[in-house]
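Source file: my_file21.cif (mmCIF, C-alpha atoms and all ligand atoms)
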data_entry
#
loop_
_atom_site.group_PDB
_atom_site.id
_atom_site.type_symbol
_atom_site.label_atom_id
_atom_site.label_comp_id
_atom_site.auth_asym_id
_atom_site.auth_seq_id
_atom_site.Cartn_x
_atom_site.Cartn_y
_atom_site.Cartn_z
ATOM 1 C CA MET S 974 -1.542 -11.703 -8.492
ATOM 2 C CA HIS S 975 1.125 -9.886 -6.543
ATOM 3 C CA LYS S 976 4.034 -11.773 -5.146
ATOM 4 C CA VAL S 977 4.001 -12.019 -1.383
ATOM 5 C CA ILE S 978 7.368 -11.827 0.295
ATOM 6 C CA VAL S 979 7.518 -12.830 3.907
ATOM 7 C CA PRO S 980 11.038 -12.572 5.277
ATOM 8 C CA SER S 981 12.106 -15.302 7.637
ATOM 9 C CA PRO S 982 12.054 -15.112 10.555
ATOM 10 C CA TYR S 983 8.817 -13.135 10.328
ATOM 11 C CA ARG S 984 9.946 -9.978 12.087
ATOM 12 C CA ASP S 985 11.639 -6.722 11.316
ATOM 13 C CA PRO S 986 15.392 -7.274 11.451
ATOM 14 C CA ALA S 987 15.840 -3.626 12.374
ATOM 15 C CA ASP S 988 14.114 -4.347 15.690
ATOM 16 C CA VAL S 989 13.398 -0.668 16.060
ATOM 17 C CA ARG S 990 12.308 0.490 19.497
ATOM 18 C CA PHE S 991 10.236 3.497 20.352
ATOM 19 C CA PRO S 992 9.295 5.457 23.429
ATOM 20 C CA ALA S 993 5.884 4.335 24.621
ATOM 21 C CA SER S 994 3.986 7.568 24.652
ATOM 22 C CA THR S 995 5.580 10.370 22.711
ATOM 23 C CA ALA S 996 3.048 12.941 21.636
ATOM 24 C CA ILE S 997 3.628 14.217 18.125
ATOM 25 C CA ALA S 998 2.413 17.612 17.039
ATOM 26 C CA THR S 999 1.856 17.647 13.307
ATOM 27 C CA ALA S 1000 -0.484 19.702 11.202
ATOM 28 C CA ILE S 1001 -3.373 17.609 9.886
ATOM 29 C CA THR S 1002 -3.182 18.197 6.183
ATOM 30 C CA ILE S 1003 -3.319 14.646 4.859
ATOM 31 C CA ASP S 1004 -7.053 14.251 5.181
ATOM 32 C CA MET S 1005 -7.622 17.599 3.523
ATOM 33 C CA LEU S 1006 -5.446 16.467 0.620
ATOM 34 C CA ASP S 1007 -7.511 13.318 0.206
ATOM 35 C CA ARG S 1008 -10.695 15.350 -0.023
ATOM 36 C CA MET S 1009 -9.345 17.782 -2.610
ATOM 37 C CA LEU S 1010 -9.944 15.519 -5.568
ATOM 38 C CA PRO S 1011 -8.598 16.862 -8.847
ATOM 39 C CA ALA S 1012 -10.688 17.034 -12.005
ATOM 40 C CA THR S 1013 -8.582 14.290 -13.537
ATOM 41 C CA PRO S 1014 -7.413 11.237 -11.609
ATOM 42 C CA ASP S 1015 -4.098 11.509 -9.831
ATOM 43 C CA PRO S 1016 -1.184 9.667 -11.328
ATOM 44 C CA LEU S 1017 -0.454 6.789 -9.028
ATOM 45 C CA PRO S 1018 2.454 7.461 -6.690
ATOM 46 C CA VAL S 1019 5.818 6.157 -7.849
ATOM 47 C CA ARG S 1020 6.801 4.872 -4.456
ATOM 48 C CA ASP S 1021 5.983 2.199 -1.925
ATOM 49 C CA ILE S 1022 2.809 2.559 0.135
ATOM 50 C CA VAL S 1023 3.170 1.595 3.792
ATOM 51 C CA VAL S 1024 0.262 0.451 5.953
ATOM 52 C CA VAL S 1025 0.727 -0.381 9.621
ATOM 53 C CA HIS S 1026 -1.792 -2.929 10.884
ATOM 54 C CA SER S 1027 -2.717 -3.477 14.515
ATOM 55 C CA SER S 1028 -5.830 -4.618 16.363
ATOM 56 C CA ASP S 1029 -7.374 -5.349 19.734
ATOM 57 C CA LEU S 1030 -6.030 -2.290 21.524
ATOM 58 C CA HIS S 1031 -8.970 -2.510 23.958
ATOM 59 C CA ILE S 1032 -8.627 1.099 25.130
ATOM 60 C CA ASP S 1033 -10.296 1.271 28.524
ATOM 61 C CA HIS S 1034 -10.014 2.619 32.065
ATOM 62 C CA ASP S 1035 -9.746 -0.851 33.565
ATOM 63 C CA TYR S 1036 -7.572 -3.782 32.456
ATOM 64 C CA THR S 1037 -5.612 -2.078 29.667
ATOM 65 C CA ALA S 1038 -5.172 1.084 31.736
ATOM 66 C CA ARG S 1039 -3.671 -0.925 34.595
ATOM 67 C CA LEU S 1040 -1.101 -2.431 32.214
ATOM 68 C CA HIS S 1041 0.037 1.094 31.407
ATOM 69 C CA GLY S 1042 0.127 2.789 34.771
ATOM 70 C CA GLY S 1043 -3.396 4.134 34.420
ATOM 71 C CA ASP S 1044 -3.274 5.369 30.810
ATOM 72 C CA GLY S 1045 -5.654 3.276 28.723
ATOM 73 C CA THR S 1046 -4.527 5.040 25.534
ATOM 74 C CA ALA S 1047 -0.821 4.209 25.942
ATOM 75 C CA GLY S 1048 -1.045 1.243 23.562
ATOM 76 C CA LEU S 1049 -2.662 3.433 20.921
ATOM 77 C CA ALA S 1050 0.070 6.060 21.298
ATOM 78 C CA CYS S 1051 2.730 3.379 21.023
ATOM 79 C CA VAL S 1052 1.208 1.902 17.848
ATOM 80 C CA LEU S 1053 0.918 5.334 16.239
ATOM 81 C CA GLN S 1054 4.496 6.226 17.170
ATOM 82 C CA ALA S 1055 5.728 2.973 15.619
ATOM 83 C CA ALA S 1056 3.682 3.718 12.513
ATOM 84 C CA ARG S 1057 5.202 7.148 12.241
ATOM 85 C CA SER S 1058 8.710 5.739 12.555
ATOM 86 C CA ALA S 1059 7.878 3.178 9.865
ATOM 87 C CA GLY S 1060 6.794 5.998 7.546
ATOM 88 C CA ALA S 1061 3.219 4.713 7.415
ATOM 89 C CA ASP S 1062 0.760 6.267 4.997
ATOM 90 C CA VAL S 1063 -2.156 4.652 6.807
ATOM 91 C CA VAL S 1064 -2.684 2.937 10.155
ATOM 92 C CA LEU S 1065 -5.354 0.231 10.108
ATOM 93 C CA LEU S 1066 -6.860 -0.957 13.404
ATOM 94 C CA ALA S 1067 -8.779 -4.173 12.733
ATOM 95 C CA GLY S 1068 -11.321 -4.207 15.527
ATOM 96 C CA ASP S 1069 -11.726 -3.848 19.293
ATOM 97 C CA THR S 1070 -9.859 -0.547 19.355
ATOM 98 C CA PHE S 1071 -12.040 0.311 22.351
ATOM 99 C CA ASP S 1072 -12.901 -2.304 24.942
ATOM 100 C CA CYS S 1073 -16.479 -1.041 25.202
ATOM 101 C CA HIS S 1074 -18.594 2.029 24.556
ATOM 102 C CA ARG S 1075 -19.145 3.000 28.199
ATOM 103 C CA LEU S 1076 -15.964 4.945 28.800
ATOM 104 C CA PRO S 1077 -15.198 8.170 30.694
ATOM 105 C CA HIS S 1078 -15.223 11.375 28.700
ATOM 106 C CA ASP S 1079 -11.601 12.100 29.622
ATOM 107 C CA LEU S 1080 -10.445 8.805 28.149
ATOM 108 C CA ILE S 1081 -12.316 9.385 24.896
ATOM 109 C CA ALA S 1082 -10.885 12.894 24.709
ATOM 110 C CA ARG S 1083 -7.367 11.584 25.267
ATOM 111 C CA ALA S 1084 -7.794 8.944 22.549
ATOM 112 C CA ALA S 1085 -9.058 11.632 20.173
ATOM 113 C CA SER S 1086 -6.090 13.893 20.850
ATOM 114 C CA VAL S 1087 -3.599 11.027 20.428
ATOM 115 C CA ILE S 1088 -5.099 10.173 17.024
ATOM 116 C CA ALA S 1089 -5.277 13.811 15.913
ATOM 117 C CA ALA S 1090 -1.660 14.425 16.956
ATOM 118 C CA ALA S 1091 -0.445 11.415 14.932
ATOM 119 C CA GLY S 1092 -0.941 13.386 11.730
ATOM 120 C CA MET S 1093 -1.601 10.332 9.562
ATOM 121 C CA ARG S 1094 -4.643 8.542 8.224
ATOM 122 C CA VAL S 1095 -6.134 6.175 10.787
ATOM 123 C CA VAL S 1096 -8.720 3.642 9.617
ATOM 124 C CA VAL S 1097 -10.753 1.791 12.241
ATOM 125 C CA LEU S 1098 -12.888 -1.300 11.725
ATOM 126 C CA PRO S 1099 -15.322 -1.738 14.634
ATOM 127 C CA GLY S 1100 -15.159 -5.212 16.199
ATOM 128 C CA ASN S 1101 -17.283 -7.213 18.603
ATOM 129 C CA HIS S 1102 -16.273 -5.083 21.597
ATOM 130 C CA ASP S 1103 -16.796 -1.731 19.848
ATOM 131 C CA PRO S 1104 -19.476 -2.406 17.210
ATOM 132 C CA ALA S 1105 -20.991 0.367 15.111
ATOM 133 C CA VAL S 1106 -24.125 0.686 17.242
ATOM 134 C CA ALA S 1107 -26.151 3.832 17.863
ATOM 135 C CA ASP S 1108 -24.397 4.624 21.144
ATOM 136 C CA ALA S 1109 -20.924 3.742 19.851
ATOM 137 C CA VAL S 1110 -18.017 5.740 21.194
ATOM 138 C CA TYR S 1111 -17.317 6.737 17.582
ATOM 139 C CA HIS S 1112 -20.426 8.945 17.563
ATOM 140 C CA HIS S 1113 -19.027 10.944 20.475
ATOM 141 C CA GLY S 1114 -18.501 14.477 19.208
ATOM 142 C CA ILE S 1115 -14.892 14.677 20.237
ATOM 143 C CA LEU S 1116 -13.951 11.554 18.226
ATOM 144 C CA ALA S 1117 -16.241 12.456 15.331
ATOM 145 C CA GLU S 1118 -14.322 15.732 14.950
ATOM 146 C CA VAL S 1119 -10.966 14.029 14.408
ATOM 147 C CA GLY S 1120 -10.393 14.678 10.709
ATOM 148 C CA ASN S 1121 -7.789 11.969 10.111
ATOM 149 C CA LEU S 1122 -9.927 9.242 11.728
ATOM 150 C CA HIS S 1123 -12.045 7.122 9.393
ATOM 151 C CA VAL S 1124 -14.370 4.511 10.867
ATOM 152 C CA LEU S 1125 -15.944 1.815 8.719
ATOM 153 C CA GLY S 1126 -19.643 1.494 9.437
ATOM 154 C CA ILE S 1127 -19.704 5.036 10.896
ATOM 155 C CA THR S 1128 -17.970 7.610 8.691
ATOM 156 C CA HIS S 1129 -17.870 5.273 5.678
ATOM 157 C CA GLU S 1130 -20.203 2.418 4.881
ATOM 158 C CA GLU S 1131 -17.896 -0.436 3.930
ATOM 159 C CA ALA S 1132 -14.939 1.098 2.116
ATOM 160 C CA ILE S 1133 -12.554 4.033 2.284
ATOM 161 C CA GLU S 1134 -10.649 5.075 -0.803
ATOM 162 C CA PHE S 1135 -7.425 7.060 -0.727
ATOM 163 C CA PRO S 1136 -7.016 8.212 -4.337
ATOM 164 C CA LYS S 1137 -3.582 9.710 -3.794
ATOM 165 C CA LEU S 1138 -2.322 6.334 -2.647
ATOM 166 C CA GLY S 1139 -4.177 4.249 -5.228
ATOM 167 C CA LEU S 1140 -5.496 2.341 -2.211
ATOM 168 C CA GLU S 1141 -8.887 1.204 -0.967
ATOM 169 C CA ILE S 1142 -9.491 -0.372 2.432
ATOM 170 C CA TRP S 1143 -12.765 -2.203 2.907
ATOM 171 C CA GLY S 1144 -14.352 -4.257 5.631
ATOM 172 C CA ARG S 1145 -17.701 -4.960 7.244
ATOM 173 C CA ALA S 1146 -18.025 -3.446 10.682
ATOM 174 C CA HIS S 1147 -19.697 -5.395 13.448
ATOM 175 C CA ARG S 1148 -23.112 -3.689 13.615
ATOM 176 C CA ASP S 1149 -24.235 -5.320 16.864
ATOM 177 C CA TYR S 1150 -23.020 -7.846 19.415
ATOM 178 C CA GLY S 1151 -24.398 -10.851 17.557
ATOM 179 C CA ASP S 1152 -22.826 -13.179 15.030
ATOM 180 C CA MET S 1153 -21.911 -12.149 11.500
ATOM 181 C CA ILE S 1154 -19.669 -13.317 8.678
ATOM 182 C CA PRO S 1155 -16.970 -10.691 8.083
ATOM 183 C CA PHE S 1156 -16.249 -11.715 4.491
ATOM 184 C CA GLU S 1157 -19.724 -12.929 3.526
ATOM 185 C CA ARG S 1158 -19.603 -10.598 0.527
ATOM 186 C CA VAL S 1159 -16.512 -9.452 -1.294
ATOM 187 C CA ARG S 1160 -15.901 -6.074 -2.827
ATOM 188 C CA PRO S 1161 -14.593 -5.885 -6.388
ATOM 189 C CA ARG S 1162 -11.253 -4.191 -6.800
ATOM 190 C CA ARG S 1163 -11.446 -0.575 -8.020
ATOM 191 C CA THR S 1164 -7.972 0.637 -7.150
ATOM 192 C CA ARG S 1165 -4.360 -0.391 -7.726
ATOM 193 C CA TRP S 1166 -4.102 -1.587 -4.154
ATOM 194 C CA GLN S 1167 -6.852 -3.143 -2.097
ATOM 195 C CA ILE S 1168 -6.788 -4.203 1.533
ATOM 196 C CA ALA S 1169 -9.626 -6.149 3.149
ATOM 197 C CA ALA S 1170 -10.128 -5.957 6.916
ATOM 198 C CA GLY S 1171 -12.068 -8.382 9.077
ATOM 199 C CA HIS S 1172 -12.580 -8.990 12.769
ATOM 200 C CA GLY S 1173 -13.311 -12.561 13.738
ATOM 201 C CA HIS S 1174 -12.066 -16.057 14.353
ATOM 202 C CA TYR S 1175 -10.201 -17.877 11.604
ATOM 203 C CA VAL S 1176 -10.791 -21.549 10.981
ATOM 204 C CA PRO S 1177 -9.733 -23.143 7.680
ATOM 205 C CA ILE S 1178 -13.186 -24.581 6.946
ATOM 206 C CA PRO S 1179 -15.887 -22.964 9.107
ATOM 207 C CA ASP S 1180 -18.693 -25.185 10.398
ATOM 208 C CA ARG S 1181 -21.748 -22.947 10.299
ATOM 209 C CA SER S 1182 -24.237 -25.778 10.855
ATOM 210 C CA THR S 1183 -24.503 -24.735 14.499
ATOM 211 C CA ARG S 1184 -24.274 -21.273 15.972
ATOM 212 C CA LEU S 1185 -24.136 -21.854 19.685
ATOM 213 C CA ARG S 1186 -22.323 -18.578 20.249
ATOM 214 C CA PRO S 1187 -21.135 -15.705 18.066
ATOM 215 C CA SER S 1188 -17.794 -16.557 16.499
ATOM 216 C CA TRP S 1189 -17.630 -14.270 13.469
ATOM 217 C CA LEU S 1190 -15.946 -17.063 11.541
ATOM 218 C CA ILE S 1191 -13.513 -16.428 8.710
ATOM 219 C CA GLY S 1192 -12.536 -19.305 6.430
ATOM 220 C CA ASP S 1193 -9.895 -20.029 3.796
ATOM 221 C CA ASP S 1194 -12.283 -19.760 0.857
ATOM 222 C CA GLU S 1195 -13.576 -16.379 2.024
ATOM 223 C CA ILE S 1196 -10.061 -15.017 2.452
ATOM 224 C CA ALA S 1197 -9.098 -16.228 -1.016
ATOM 225 C CA ALA S 1198 -12.271 -14.769 -2.535
ATOM 226 C CA THR S 1199 -11.325 -11.264 -1.411
ATOM 227 C CA GLY S 1200 -8.540 -11.238 -3.982
ATOM 228 C CA ALA S 1201 -7.040 -8.463 -1.862
ATOM 229 C CA ASP S 1202 -3.370 -7.581 -1.712
ATOM 230 C CA TYR S 1203 -3.499 -7.968 2.063
ATOM 231 C CA VAL S 1204 -6.162 -9.167 4.488
ATOM 232 C CA ALA S 1205 -5.860 -7.432 7.888
ATOM 233 C CA LEU S 1206 -7.408 -9.521 10.642
ATOM 234 C CA GLY S 1207 -8.261 -8.812 14.251
ATOM 235 C CA HIS S 1208 -9.731 -10.677 17.264
ATOM 236 C CA TRP S 1209 -6.704 -12.804 18.128
ATOM 237 C CA ASN S 1210 -4.174 -11.502 20.624
ATOM 238 C CA ARG S 1211 -1.339 -13.348 18.937
ATOM 239 C CA ALA S 1212 0.144 -12.458 15.578
ATOM 240 C CA ALA S 1213 -0.309 -15.095 12.900
ATOM 241 C CA LYS S 1214 -0.364 -15.691 9.184
ATOM 242 C CA VAL S 1215 -3.476 -17.582 8.131
ATOM 243 C CA GLY S 1216 -5.311 -18.643 5.022
ATOM 244 C CA ASN S 1217 -4.058 -20.118 1.848
ATOM 245 C CA GLY S 1218 -2.620 -17.967 -0.913
ATOM 246 C CA VAL S 1219 -3.764 -14.417 -0.200
ATOM 247 C CA ALA S 1220 -1.596 -12.574 2.352
ATOM 248 C CA ALA S 1221 -3.834 -12.749 5.438
ATOM 249 C CA TYR S 1222 -2.454 -11.847 8.840
ATOM 250 C CA TYR S 1223 -3.539 -11.256 12.373
ATOM 251 C CA SER S 1224 -1.456 -8.464 13.882
ATOM 252 C CA GLY S 1225 -2.183 -9.561 17.428
ATOM 253 C CA SER S 1226 -2.726 -7.046 20.188
ATOM 254 C CA PRO S 1227 0.119 -4.614 20.948
ATOM 255 C CA GLU S 1228 0.524 -5.819 24.529
ATOM 256 C CA TYR S 1229 0.406 -9.545 23.735
ATOM 257 C CA ALA S 1230 2.190 -9.737 20.373
ATOM 258 C CA GLY S 1231 4.519 -6.862 21.247
ATOM 259 C CA THR S 1232 4.585 -5.886 17.574
ATOM 260 C CA VAL S 1233 2.653 -4.288 14.749
ATOM 261 C CA ASN S 1234 2.498 -5.584 11.172
ATOM 262 C CA VAL S 1235 4.165 -3.350 8.598
ATOM 263 C CA VAL S 1236 2.705 -3.927 5.139
ATOM 264 C CA ARG S 1237 4.743 -2.502 2.299
ATOM 265 C CA LEU S 1238 2.948 -2.297 -1.057
ATOM 266 C CA THR S 1239 5.940 -1.802 -3.291
ATOM 267 C CA ASN S 1240 6.142 0.244 -6.417
ATOM 268 C CA THR S 1241 7.151 -2.926 -8.274
ATOM 269 C CA GLY S 1242 3.920 -4.663 -7.233
ATOM 270 C CA ASP S 1243 5.095 -6.813 -4.354
ATOM 271 C CA VAL S 1244 3.512 -7.092 -0.909
ATOM 272 C CA VAL S 1245 6.121 -7.325 1.844
ATOM 273 C CA VAL S 1246 4.913 -8.048 5.381
ATOM 274 C CA THR S 1247 7.177 -7.620 8.394
ATOM 275 C CA ARG S 1248 6.672 -7.075 12.101
ATOM 276 C CA THR S 1249 8.141 -4.201 14.065
ATOM 277 C CA GLU S 1250 8.750 -4.451 17.786
ATOM 278 C CA LEU S 1251 6.970 -2.089 20.138
ATOM 279 C CA ASP S 1252 8.481 -0.745 23.332
ATOM 280 C CA ILE S 1253 5.338 -1.485 25.294
ATOM 281 C CA ALA S 1254 4.181 -3.014 28.568
ATOM 282 C CA ARG S 1255 3.344 -6.643 27.891
ATOM 283 C CA GLU S 1256 0.504 -8.843 28.991
ATOM 284 C CA PRO S 1257 1.529 -11.051 31.921
ATOM 285 C CA SER S 1258 0.620 -14.070 29.767
ATOM 286 C CA ALA S 1259 2.588 -12.896 26.714
HETATM 287 MN MN MN R 1 -12.727 -9.316 19.253
#
Let me see the file written as structure tokens.
Ligand SMILES: [Mn+2]
Amino acid sequence: MHKVIVPSPYRDPADVRFPASTAIATAITIDMLDRMLPATPDPLPVRDIVVVHSSDLHIDHDYTARLHGGDGTAGLACVLQAARSAGADVVLLAGDTFDCHRLPHDLIARAASVIAAAGMRVVVLPGNHDPAVADAVYHHGILAEVGNLHVLGITHEEAIEFPKLGLEIWGRAHRDYGDMIPFERVRPRRTRWQIAAGHGHYVPIPDRSTRLRPSWLIGDDEIAATGADYVALGHWNRAAKVGNGVAAYYSGSPEYAGTVNVVRLTNTGDVVVTRTELDIAREPSA
């Protein structure tokens, strides 16, 4: 069991601020490196691994776009810029990255170019707004061509392994708009580091005796059973630590929480979770 260090107060003391929409031009070589597997396993890196976790970006041409002067991808750009400044190896978006699948081509193209320009691994777990259905935005050619974008339930079944990082990220994508249990099954650990991602509503002890509406419930026992180094949750707009024992966190949405979670998997085996402030337009209710 790795020690979990959560500095108090639970935020990044550096309070780093970033411009909201700075495009970054970087050659995409990381994904190519991951695919060039050597004949013998890589030695594990002798350094910290950094994962930036966000969720509920709700990229759209409606509500989110209006928050950002018409640019529905501004939150995405802001999250990726913060991740780059944090030296992230991977960005993990835990559901509802897109508000829906019926979006204008220009918006999808802009999202694709923002992700491609980030020059880092981006892992997406589809949520209840953007499930991995047949007409999902993720099947759109222009997103499917983004080499550094990995989508659970679309490009990978339930897990993505990054051998050069000694890291696996797994999670069950929403496959339709109905109910499901994100952590109904757990995945055995195969790598030094393992992160589990889920999109749903946390309650300590879920009552599944009635299912009046889809709730995608996540309970304490299920979180503990993952045995993961970090459980990345989405569906809540606010940031929160939940569960009992395993490091399980909602990142909250960028515009409501105003932060992303920075997860540092240290070379000495610790998991250090902080939050970094975003320079982003905020929800009126935030
Ligand atoms: Mn949701």
Show me, as a tab-separated table, the residues of chain S having an atom within 10 Å of ligand MN 1 (chain R), each with the closest atom pair and its distance in Å, using only C-alpha atoms and all ligand atoms.
residue	atom	partner	partner_atom	distance
S:Ser1028	CA	R:MN1	MN	8.8
S:Asp1029	CA	R:MN1	MN	6.7
S:Leu1030	CA	R:MN1	MN	10.0
S:His1031	CA	R:MN1	MN	9.1
S:Ala1067	CA	R:MN1	MN	9.2
S:Gly1068	CA	R:MN1	MN	6.5
S:Asp1069	CA	R:MN1	MN	5.6
S:Thr1070	CA	R:MN1	MN	9.2
S:Asp1072	CA	R:MN1	MN	9.0
S:Pro1099	CA	R:MN1	MN	9.2
S:Gly1100	CA	R:MN1	MN	5.7
S:Asn1101	CA	R:MN1	MN	5.1
S:His1102	CA	R:MN1	MN	6.0
S:Asp1103	CA	R:MN1	MN	8.6
S:Pro1104	CA	R:MN1	MN	9.9
S:His1147	CA	R:MN1	MN	9.9
S:His1172	CA	R:MN1	MN	6.5
S:Gly1173	CA	R:MN1	MN	6.4
S:His1174	CA	R:MN1	MN	8.4
S:Ser1188	CA	R:MN1	MN	9.3
S:Trp1189	CA	R:MN1	MN	9.1
S:Gly1207	CA	R:MN1	MN	6.7
S:His1208	CA	R:MN1	MN	3.8
S:Trp1209	CA	R:MN1	MN	7.1
S:Asn1210	CA	R:MN1	MN	8.9
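Taken over the whole file, the PyMOL selection byres (((chain S and resi 1113) around 12) and not hetatm) covers exactly His1074, Arg1075, Leu1076, Pro1077, His1078, Asp1079, Leu1080, Ile1081, Ala1082, Ala1084, Ala1085, Val1106, Ala1107, Asp1108, Ala1109, Val1110, Tyr1111, His1112, Gly1114, Ile1115, Leu1116, Ala1117, Glu1118, Val1119 and Ile1127 of chain S.
Across the structure, CA of Val1064 in chain S and CA of Tyr1175 in chain S are spaced 22.2 Å apart.
Taking CA of Tyr1229 in chain S as the reference point, CA of Leu1125 in chain S is found at 24.9 Å.
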Could you check how far CA of Gly1151 in chain S sits from CA of Leu1190 in chain S, in Å to one decimal?
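CA of Leu1190 in chain S lies at a distance of 12.1 Å from CA of Gly1151 in chain S.
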Residue IDs satisfying the PyMOL selection byres (((chain S and resi 1239) around 12) and not hetatm), as a list in words
His975, Lys976, Val977, Ile978, Pro1018, Val1019, Arg1020, Asp1021, Ile1022, Val1023, Val1024, Leu1138, Gly1139, Arg1165, Trp1166, Asp1202, Val1236, Arg1237, Leu1238, Asn1240, Thr1241, Gly1242, Asp1243, Val1244, Val1245 and Val1246 of chain S
Requested write-out: C-alpha atoms of the selected residues, as a compact mmCIF listing (two decimals), keeping the file's coordinate frame:
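Contents of the output file out-v2.txt:
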# COMPACT_ATOMS: atom_id res chain seq x y z
CA HIS S 975 1.12 -9.89 -6.54
CA LYS S 976 4.03 -11.77 -5.15
CA VAL S 977 4.00 -12.02 -1.38
CA ILE S 978 7.37 -11.83 0.30
CA PRO S 1018 2.45 7.46 -6.69
CA VAL S 1019 5.82 6.16 -7.85
CA ARG S 1020 6.80 4.87 -4.46
CA ASP S 1021 5.98 2.20 -1.92
CA ILE S 1022 2.81 2.56 0.14
CA VAL S 1023 3.17 1.60 3.79
CA VAL S 1024 0.26 0.45 5.95
CA LEU S 1138 -2.32 6.33 -2.65
CA GLY S 1139 -4.18 4.25 -5.23
CA ARG S 1165 -4.36 -0.39 -7.73
CA TRP S 1166 -4.10 -1.59 -4.15
CA ASP S 1202 -3.37 -7.58 -1.71
CA VAL S 1236 2.70 -3.93 5.14
CA ARG S 1237 4.74 -2.50 2.30
CA LEU S 1238 2.95 -2.30 -1.06
CA ASN S 1240 6.14 0.24 -6.42
CA THR S 1241 7.15 -2.93 -8.27
CA GLY S 1242 3.92 -4.66 -7.23
CA ASP S 1243 5.10 -6.81 -4.35
CA VAL S 1244 3.51 -7.09 -0.91
CA VAL S 1245 6.12 -7.32 1.84
CA VAL S 1246 4.91 -8.05 5.38
